[in-house]
>>> print(open('work23.cif').read())   # mmCIF, C-alpha atoms
data_coords
#
loop_
_atom_site.label_atom_id
_atom_site.label_comp_id
_atom_site.auth_asym_id
_atom_site.auth_seq_id
_atom_site.Cartn_x
_atom_site.Cartn_y
_atom_site.Cartn_z
CA MET A 644 -30.04 11.80 24.57
CA LYS A 645 -30.25 12.63 20.87
CA GLU A 646 -26.67 11.47 20.38
CA GLN A 647 -27.48 8.15 22.05
CA ILE A 648 -30.58 7.73 19.88
CA ASP A 649 -28.50 8.44 16.76
CA ILE A 650 -25.91 5.86 17.76
CA VAL A 651 -28.61 3.28 18.41
CA LYS A 652 -30.13 4.08 15.01
CA VAL A 653 -26.80 3.64 13.28
CA VAL A 654 -26.18 0.31 14.99
CA ARG A 655 -29.66 -0.91 14.10
CA LEU A 656 -29.19 0.20 10.52
CA LEU A 657 -25.90 -1.70 10.23
CA LEU A 658 -27.32 -4.82 11.87
CA PHE A 659 -30.34 -4.74 9.57
CA ASN A 660 -28.06 -4.56 6.50
CA TRP A 661 -25.24 -6.79 7.77
CA TRP A 662 -25.68 -9.33 5.00
CA ARG A 663 -25.41 -6.64 2.33
CA ILE A 664 -22.20 -5.34 3.92
CA VAL A 665 -20.70 -8.83 4.04
CA LEU A 666 -21.62 -9.60 0.42
CA VAL A 667 -20.13 -6.35 -0.89
CA ALA A 668 -17.02 -6.84 1.24
CA ILE A 669 -16.51 -10.35 -0.16
CA ALA A 670 -17.02 -9.00 -3.68
CA GLY A 671 -14.37 -6.35 -3.00
CA ALA A 672 -11.92 -8.99 -1.78
CA ILE A 673 -12.53 -11.11 -4.90
CA VAL A 674 -12.04 -8.13 -7.23
CA ALA A 675 -8.81 -7.13 -5.45
CA PHE A 676 -7.53 -10.71 -5.58
CA CYS A 677 -8.27 -11.10 -9.29
CA TYR A 678 -6.85 -7.70 -10.19
CA THR A 679 -3.64 -8.34 -8.25
CA THR A 680 -3.20 -11.82 -9.69
CA TYR A 681 -4.08 -11.25 -13.34
CA PHE A 682 -3.65 -7.56 -14.17
CA ILE A 683 -0.65 -6.26 -12.18
CA PRO A 684 2.63 -7.19 -13.93
CA PRO A 685 5.11 -8.85 -11.53
CA SER A 686 8.19 -6.96 -10.36
CA TYR A 687 11.48 -8.40 -9.12
CA THR A 688 13.96 -6.64 -6.83
CA ALA A 689 17.69 -7.36 -6.77
CA ARG A 690 20.00 -5.98 -4.07
CA GLY A 691 23.71 -5.36 -3.72
CA SER A 692 25.94 -3.30 -1.46
CA LEU A 693 29.19 -1.32 -1.45
CA TYR A 694 31.53 -0.27 1.33
CA VAL A 695 32.85 3.27 0.96
CA SER A 696 35.81 4.63 2.93
CA ASN A 697 38.21 7.54 2.71
CA ASN A 698 41.04 5.32 3.91
CA GLN A 699 43.28 4.51 0.96
CA ASN A 700 45.15 1.81 2.84
CA SER A 701 42.83 -1.12 3.47
CA THR A 702 45.19 -2.54 6.16
CA HIS A 703 45.07 0.59 8.30
CA THR A 704 43.42 -0.21 11.64
CA ASN A 705 43.42 3.14 13.44
CA VAL A 706 40.00 4.58 12.55
CA ASN A 707 38.76 7.65 14.40
CA LEU A 708 35.46 9.48 14.43
CA ALA A 709 36.67 11.99 11.86
CA ASP A 710 37.43 9.17 9.43
CA LEU A 711 33.97 7.66 9.96
CA ALA A 712 32.24 10.99 9.45
CA SER A 713 34.29 11.63 6.32
CA SER A 714 33.45 8.17 4.97
CA GLN A 715 29.74 8.70 5.61
CA GLN A 716 29.92 12.01 3.76
CA LEU A 717 31.69 10.25 0.90
CA ALA A 718 28.89 7.69 0.85
CA PHE A 719 26.32 10.43 0.20
CA THR A 720 28.57 11.81 -2.54
CA CYS A 721 28.77 8.36 -4.10
CA ILE A 722 24.99 8.10 -4.18
CA GLU A 723 24.80 11.26 -6.26
CA LEU A 724 27.52 10.04 -8.59
CA LEU A 725 25.93 6.62 -9.08
CA THR A 726 22.63 8.20 -10.08
CA SER A 727 24.17 10.66 -12.53
CA ASP A 728 23.29 10.51 -16.21
CA THR A 729 26.91 9.84 -17.13
CA PHE A 730 27.22 6.77 -14.95
CA LEU A 731 23.77 5.41 -15.84
CA THR A 732 24.57 5.77 -19.53
CA LYS A 733 27.68 3.65 -18.96
CA VAL A 734 25.61 1.06 -17.07
CA VAL A 735 23.15 0.85 -19.96
CA ASP A 736 25.95 0.45 -22.50
CA GLU A 737 27.81 -2.21 -20.52
CA SER A 738 24.72 -4.21 -19.53
CA ALA A 739 23.23 -4.13 -23.05
CA LEU A 740 19.74 -3.91 -21.56
CA PRO A 741 16.87 -2.19 -23.44
CA TYR A 742 16.50 0.75 -21.05
CA ALA A 743 17.25 4.42 -21.50
CA PRO A 744 19.21 6.15 -18.72
CA GLU A 745 16.10 8.12 -17.75
CA LYS A 746 14.11 4.90 -17.38
CA LEU A 747 16.93 3.22 -15.49
CA LYS A 748 16.98 6.05 -12.97
CA THR A 749 13.37 5.27 -12.04
CA MET A 750 14.20 1.58 -11.60
CA ILE A 751 17.05 1.94 -9.10
CA SER A 752 17.25 3.01 -5.48
CA ILE A 753 20.50 3.82 -3.65
CA LYS A 754 20.74 4.67 0.05
CA PRO A 755 23.13 4.23 2.99
CA MET A 756 22.35 1.32 5.28
CA ASN A 757 21.59 2.41 8.85
CA GLU A 758 23.66 5.62 8.47
CA THR A 759 26.86 3.65 7.88
CA GLU A 760 29.47 3.69 5.13
CA VAL A 761 27.71 0.78 3.42
CA ILE A 762 25.56 1.71 0.42
CA GLU A 763 22.67 -0.50 -0.71
CA ILE A 764 21.77 -0.57 -4.40
CA LYS A 765 18.37 -1.92 -5.46
CA ALA A 766 16.96 -2.41 -8.93
CA VAL A 767 13.34 -3.27 -9.77
CA SER A 768 12.18 -4.61 -13.13
CA HIS A 769 9.67 -7.01 -14.61
CA VAL A 770 12.44 -9.46 -15.53
CA PRO A 771 14.42 -10.97 -12.62
CA THR A 772 17.61 -11.32 -14.66
CA HIS A 773 17.49 -7.64 -15.63
CA SER A 774 17.34 -6.57 -12.00
CA GLN A 775 20.38 -8.72 -11.19
CA VAL A 776 22.39 -7.48 -14.18
CA ILE A 777 21.65 -3.81 -13.42
CA VAL A 778 22.85 -4.05 -9.82
CA ASN A 779 25.96 -6.09 -10.62
CA THR A 780 26.92 -3.76 -13.47
CA MET A 781 26.62 -0.77 -11.13
CA LEU A 782 28.73 -2.56 -8.51
CA LYS A 783 31.35 -3.43 -11.12
CA TYR A 784 31.92 0.11 -12.36
CA ALA A 785 31.09 2.09 -9.21
CA SER A 786 34.68 2.15 -7.95
CA ASP A 787 36.09 3.49 -11.23
CA GLU A 788 33.43 6.21 -11.44
CA ILE A 789 33.89 7.37 -7.86
CA ILE A 790 37.69 7.44 -8.11
CA ARG A 791 37.45 9.24 -11.46
CA VAL A 792 35.35 12.05 -10.02
CA VAL A 793 36.44 12.22 -6.37
CA GLY A 794 40.06 11.30 -6.98
CA GLY A 795 40.31 8.85 -4.10
CA GLY A 796 38.52 6.57 -1.72
CA ASN A 797 38.40 2.89 -0.95
CA ILE A 798 35.41 1.18 -2.58
CA LYS A 799 34.67 -2.50 -2.01
CA VAL A 800 31.80 -4.74 -3.03
CA VAL A 801 30.12 -6.23 0.04
CA ASP A 802 27.32 -8.27 -1.56
CA GLU A 803 26.72 -8.95 -5.21
CA ALA A 804 23.18 -9.23 -6.49
CA ILE A 805 21.61 -12.63 -6.93
CA ARG A 806 18.74 -13.47 -9.24
CA PRO A 807 15.46 -12.77 -7.40
CA GLU A 808 13.08 -15.70 -7.41
CA GLN A 809 10.06 -14.17 -5.70
CA GLN A 810 7.96 -11.25 -6.87
CA SER A 811 8.33 -8.13 -4.77
CA ASN A 812 5.15 -6.23 -5.63
CA LEU A 813 2.39 -8.84 -5.34
CA ASP A 814 1.03 -9.21 -1.83
CA VAL A 815 -2.20 -11.00 -2.70
CA SER A 816 -3.32 -11.51 0.91
CA ARG A 817 -2.83 -7.86 1.83
CA ASN A 818 -4.63 -6.61 -1.26
CA ALA A 819 -7.53 -9.02 -0.68
CA ILE A 820 -7.90 -7.76 2.90
CA LEU A 821 -7.81 -4.16 1.71
CA GLY A 822 -10.44 -4.98 -0.92
CA PHE A 823 -12.62 -6.58 1.77
CA LEU A 824 -12.36 -3.49 4.01
CA PHE A 825 -12.93 -1.11 1.11
CA GLY A 826 -16.03 -3.03 0.04
CA ALA A 827 -17.44 -3.01 3.57
CA ILE A 828 -16.80 0.72 4.04
CA LEU A 829 -18.24 1.54 0.61
CA CYS A 830 -21.39 -0.45 1.36
CA MET A 831 -21.85 1.26 4.73
CA VAL A 832 -21.45 4.70 3.16
CA ILE A 833 -24.07 3.85 0.53
CA ILE A 834 -26.43 2.56 3.23
CA PHE A 835 -26.05 5.78 5.23
CA ILE A 836 -26.64 7.92 2.14
CA ILE A 837 -29.78 6.00 1.19
CA ASP A 838 -31.07 6.21 4.76
CA ALA A 839 -30.36 9.96 4.91
CA CYS A 840 -32.25 10.53 1.65
CA ASP A 841 -35.22 8.43 2.78
CA THR A 842 -37.93 10.82 4.02
CA GLN A 843 -40.56 8.18 4.76
CA ILE A 844 -41.89 7.96 8.32
CA LYS A 845 -41.54 4.33 9.35
CA CYS A 846 -41.98 4.43 13.14
CA ALA A 847 -43.06 6.64 16.04
CA GLU A 848 -39.50 7.82 16.61
CA ASP A 849 -39.34 9.18 13.07
CA LEU A 850 -42.61 11.08 13.59
CA ILE A 851 -41.38 12.66 16.83
CA GLU A 852 -38.08 13.63 15.22
CA VAL A 853 -39.78 15.28 12.24
CA SER A 854 -42.63 17.05 14.05
CA LYS A 855 -40.68 18.00 17.20
CA LEU A 856 -43.90 17.29 19.14
CA PRO A 857 -44.67 14.68 21.82
CA LEU A 858 -46.60 11.58 20.85
CA LEU A 859 -50.04 11.54 22.53
CA GLY A 860 -51.21 8.17 21.28
CA MET A 861 -51.13 5.61 18.52
CA ILE A 862 -53.93 4.18 16.40
CA PRO A 863 -53.48 0.43 16.05
CA ASN A 864 -53.49 -1.08 12.60
CA ILE A 865 -56.32 -3.62 12.68
CA GLU A 866 -56.73 -5.92 9.72
CA PRO A 867 -60.27 -6.14 8.22
CA ALA A 868 -60.28 -9.89 8.72
CA ALA A 869 -59.64 -9.45 12.43
CA VAL A 870 -62.52 -6.94 12.73
CA GLU A 871 -64.91 -9.28 10.94
CA GLU A 872 -63.88 -12.15 13.22
CA LYS A 873 -64.61 -10.09 16.34
CA LYS A 874 -68.05 -9.20 15.01
CA ASN A 875 -68.82 -12.83 14.42
CA GLU A 876 -67.72 -13.66 17.96
CA LYS A 877 -70.12 -11.08 19.44
CA LYS A 878 -73.01 -12.55 17.49
#
>>> encode(input="work23.cif", output="C-alpha cells")
Amino acid sequence: MKEQIDIVKVVRLLLFNWWRIVLVAIAGAIVAFCYTTYFIPPSYTARGSLYVSNNQNSTHTNVNLADLASSQQLAFTCIELLTSDTFLTKVVDESALPYAPEKLKTMISIKPMNETEVIEIKAVSHVPTHSQVIVNTMLKYASDEIIRVVGGGNIKVVDEAIRPEQQSNLDVSRNAILGFLFGAILCMVIIFIIDACDTQIKCAEDLIEVSKLPLLGMIPNIEPAAVEEKKNEKK
C-alpha cells in the first residue's frame, strides 16, 4: 500500500509541476540547438576503398577458400601498414597538408568492409577538400607501400574519394531532442530533491506518514468572516 501511495504522490508531483518540466525541457532543446549550430566546428568525411588479394595474376579465375582467407589476412596486414608512421609521413609530404603524422592518424579510420578483402579508408577534417585529398593520397600510394613491405599482393582502387558536401558531425535534430530530454530529466530530479528536502506538513497524509499514528479527526479551518456571518444570521 505504501508503494502505491508513493507512486501516486510522484505522479501528482509531476502533474503539479508539468509546466515547469516543459519549460526547462524546451530551454534544454534551445541550448542544444544553439550550441550545435554555432559552437561545434563542422566536420567532413571522405571515403575510399581498396581491394586486396594475394593473387598476383588478376586474370586468374580459380579462387578457393584458402585464397580468400589469405587475402582477408593480407587485408588486416595492410591496415597496419597504412596506419604506420612511415606511410603517414609520406602521405603528409605528398599531400602538402598542414598536419603532422600523429594528427593525421587521429583523422583517419581504416577497416575491412563486411569481413571481405575490401578495405574502407575514411578521413575526417574540418575542410572538405582536405578529407578528399587525404583519402586519395592514401589510395594512390597504398599499393607501393604494401608491395614494398609484404613483397607481393594485388592491390586495386575500388572507389576514389569525392569531395564531401554535407557535414558529418552535426545532427541538429538529434541534439535538440537529447537537449529536450536532458532538460526534462534534470527538472524532474530537481523537483524530487526539493520535495524530499521539504519537511512541511501540507496534508493529512503527510501527518500520518510522519507521526505513524492514525488520524482521529480534523479541525476545519473556518475563516473569521464566515464565523461573524453565522453569528449575524442567528441574531
>>> residues_around(input="work23.cif", residues="A:Leu725", least_positions_apart="2", cutoff="9 Å", atoms="all atoms listed in the file", output="list in words")
Thr720, Cys721, Ile722, Glu723, Ser727, Asp728, Thr729, Phe730, Leu731, Ile753, Met781, Ala785, Glu788 and Ile789 of chain A
>>> closest_residue(input="work23.cif", among="A:Leu656, A:Val801, A:Lys733, A:Leu858", to="A:Asp787", atoms="only C-alpha atoms")
A:Lys733
>>> closest_residue(input="work23.cif", among="A:Leu829, A:Ile805, A:Val800, A:Ile837", to="A:Ala766", atoms="all atoms listed in the file")
A:Ile805
>>> atom_distance(input="work23.cif", atom1="atom CA of A:Gln775", atom2="atom CA of A:Ala743")
17.0 Å
>>> closest_residue(input="work23.cif", among="A:Ser692, A:Ser774, A:Thr680, A:Ser811", to="A:Lys754", atoms="only C-alpha atoms")
A:Ser692
>>> residues_around(input="work23.cif", residues="A:Asp814", least_positions_apart="4", cutoff="10 Å", atoms="all atoms listed in the file", output="PDB file with C-alpha atoms, in the frame of the given file")
ATOM      1  CA  PHE A 676      -7.530 -10.710  -5.580  1.00  0.00           C
ATOM      2  CA  THR A 679      -3.640  -8.340  -8.250  1.00  0.00           C
ATOM      3  CA  THR A 680      -3.200 -11.820  -9.690  1.00  0.00           C
ATOM      4  CA  GLN A 810       7.960 -11.250  -6.870  1.00  0.00           C
ATOM      5  CA  ASN A 818      -4.630  -6.610  -1.260  1.00  0.00           C
ATOM      6  CA  ALA A 819      -7.530  -9.020  -0.680  1.00  0.00           C
TER       7      ALA A 819
END
>>> residues_around(input="work23.cif", residues="A:Ile828", least_positions_apart="6", cutoff="10 Å", atoms="only C-alpha atoms", output="count of residues only")
5
>>> resolve_selection(input="work23.cif", expression="the PyMOL selection byres ((chain A and resi 768) around 9)", output="PyMOL selection string")
chain A and resi 685-689+750+766-767+769-774
>>> resolve_selection(input="work23.cif", expression="the PyMOL selection byres ((chain A and resi 665) around 12)", output="PDB file with C-alpha atoms, keeping the file's coordinate frame")
ATOM      1  CA  LEU A 657     -25.900  -1.700  10.230  1.00  0.00           C
ATOM      2  CA  LEU A 658     -27.320  -4.820  11.870  1.00  0.00           C
ATOM      3  CA  PHE A 659     -30.340  -4.740   9.570  1.00  0.00           C
ATOM      4  CA  ASN A 660     -28.060  -4.560   6.500  1.00  0.00           C
ATOM      5  CA  TRP A 661     -25.240  -6.790   7.770  1.00  0.00           C
ATOM      6  CA  TRP A 662     -25.680  -9.330   5.000  1.00  0.00           C
ATOM      7  CA  ARG A 663     -25.410  -6.640   2.330  1.00  0.00           C
ATOM      8  CA  ILE A 664     -22.200  -5.340   3.920  1.00  0.00           C
ATOM      9  CA  LEU A 666     -21.620  -9.600   0.420  1.00  0.00           C
ATOM     10  CA  VAL A 667     -20.130  -6.350  -0.890  1.00  0.00           C
ATOM     11  CA  ALA A 668     -17.020  -6.840   1.240  1.00  0.00           C
ATOM     12  CA  ILE A 669     -16.510 -10.350  -0.160  1.00  0.00           C
ATOM     13  CA  ALA A 670     -17.020  -9.000  -3.680  1.00  0.00           C
ATOM     14  CA  GLY A 671     -14.370  -6.350  -3.000  1.00  0.00           C
ATOM     15  CA  ALA A 672     -11.920  -8.990  -1.780  1.00  0.00           C
ATOM     16  CA  PHE A 823     -12.620  -6.580   1.770  1.00  0.00           C
ATOM     17  CA  LEU A 824     -12.360  -3.490   4.010  1.00  0.00           C
ATOM     18  CA  PHE A 825     -12.930  -1.110   1.110  1.00  0.00           C
ATOM     19  CA  GLY A 826     -16.030  -3.030   0.040  1.00  0.00           C
ATOM     20  CA  ALA A 827     -17.440  -3.010   3.570  1.00  0.00           C
ATOM     21  CA  ILE A 828     -16.800   0.720   4.040  1.00  0.00           C
ATOM     22  CA  LEU A 829     -18.240   1.540   0.610  1.00  0.00           C
ATOM     23  CA  CYS A 830     -21.390  -0.450   1.360  1.00  0.00           C
ATOM     24  CA  MET A 831     -21.850   1.260   4.730  1.00  0.00           C
TER      25      MET A 831
END
>>> atom_distance(input="work23.cif", atom1="atom CA of A:Ile673", atom2="atom CA of A:Glu808")
26.1 Å
>>> atom_distance(input="work23.cif", atom1="atom CA of A:Val653", atom2="atom CA of A:Asp838")
9.9 Å
>>> decode(input="work23.cif", residues="stretch 729-758 of chain A", atoms="N, CA and C atoms", output="compact mmCIF listing (two decimals), in the first residue's frame")
# COMPACT_ATOMS: atom_id res chain seq x y z
N THR A 729 55.58 5.61 -40.94
CA THR A 729 56.32 5.78 -42.20
C THR A 729 55.38 6.15 -43.34
N PHE A 730 54.29 5.41 -43.46
CA PHE A 730 53.36 5.67 -44.56
C PHE A 730 52.65 7.00 -44.37
N LEU A 731 52.24 7.31 -43.13
CA LEU A 731 51.53 8.57 -42.89
C LEU A 731 52.44 9.77 -43.12
N THR A 732 53.72 9.63 -42.83
CA THR A 732 54.67 10.70 -43.13
C THR A 732 54.74 10.94 -44.63
N LYS A 733 54.72 9.87 -45.41
CA LYS A 733 54.73 10.01 -46.87
C LYS A 733 53.45 10.67 -47.36
N VAL A 734 52.32 10.31 -46.76
CA VAL A 734 51.04 10.92 -47.14
C VAL A 734 51.05 12.41 -46.86
N VAL A 735 51.60 12.79 -45.71
CA VAL A 735 51.68 14.22 -45.37
C VAL A 735 52.57 14.96 -46.36
N ASP A 736 53.70 14.36 -46.70
CA ASP A 736 54.63 15.02 -47.64
C ASP A 736 54.02 15.15 -49.03
N GLU A 737 53.36 14.13 -49.50
CA GLU A 737 52.81 14.16 -50.86
C GLU A 737 51.56 15.03 -50.96
N SER A 738 50.76 15.08 -49.90
CA SER A 738 49.53 15.86 -49.94
C SER A 738 49.76 17.34 -49.66
N ALA A 739 50.90 17.65 -49.02
CA ALA A 739 51.25 19.04 -48.68
C ALA A 739 50.18 19.68 -47.80
N LEU A 740 49.58 18.89 -46.92
CA LEU A 740 48.58 19.41 -46.00
C LEU A 740 49.24 19.74 -44.66
N PRO A 741 48.68 20.70 -43.91
CA PRO A 741 49.33 21.15 -42.67
C PRO A 741 49.02 20.26 -41.47
N TYR A 742 49.30 18.97 -41.60
CA TYR A 742 49.03 18.04 -40.49
C TYR A 742 50.29 17.22 -40.22
N ALA A 743 50.56 17.01 -38.94
CA ALA A 743 51.64 16.11 -38.56
C ALA A 743 51.14 14.67 -38.67
N PRO A 744 52.05 13.71 -38.84
CA PRO A 744 51.62 12.31 -38.93
C PRO A 744 50.81 11.85 -37.72
N GLU A 745 51.16 12.34 -36.53
CA GLU A 745 50.41 11.96 -35.33
C GLU A 745 48.97 12.48 -35.39
N LYS A 746 48.81 13.71 -35.88
CA LYS A 746 47.48 14.27 -36.04
C LYS A 746 46.71 13.55 -37.13
N LEU A 747 47.37 13.22 -38.21
CA LEU A 747 46.71 12.52 -39.32
C LEU A 747 46.18 11.16 -38.88
N LYS A 748 46.92 10.51 -37.99
CA LYS A 748 46.48 9.19 -37.52
C LYS A 748 45.15 9.27 -36.78
N THR A 749 44.90 10.38 -36.11
CA THR A 749 43.62 10.54 -35.41
C THR A 749 42.49 10.93 -36.35
N MET A 750 42.82 11.33 -37.56
CA MET A 750 41.80 11.78 -38.51
C MET A 750 41.32 10.69 -39.45
N ILE A 751 42.04 9.56 -39.50
CA ILE A 751 41.70 8.51 -40.45
C ILE A 751 41.16 7.28 -39.73
N SER A 752 40.41 6.50 -40.48
CA SER A 752 39.87 5.24 -39.99
C SER A 752 39.92 4.23 -41.13
N ILE A 753 40.52 3.07 -40.87
CA ILE A 753 40.67 2.04 -41.90
C ILE A 753 40.13 0.72 -41.34
N LYS A 754 39.25 0.07 -42.07
CA LYS A 754 38.68 -1.20 -41.63
C LYS A 754 38.21 -2.00 -42.83
N PRO A 755 38.18 -3.34 -42.69
CA PRO A 755 37.63 -4.17 -43.78
C PRO A 755 36.12 -4.03 -43.83
N MET A 756 35.57 -4.10 -45.03
CA MET A 756 34.14 -3.95 -45.22
C MET A 756 33.47 -5.32 -45.19
N ASN A 757 32.65 -5.53 -44.16
CA ASN A 757 31.87 -6.77 -44.03
C ASN A 757 32.73 -8.03 -44.10
N GLU A 758 33.93 -7.96 -43.47
CA GLU A 758 34.85 -9.10 -43.40
C GLU A 758 35.23 -9.62 -44.78
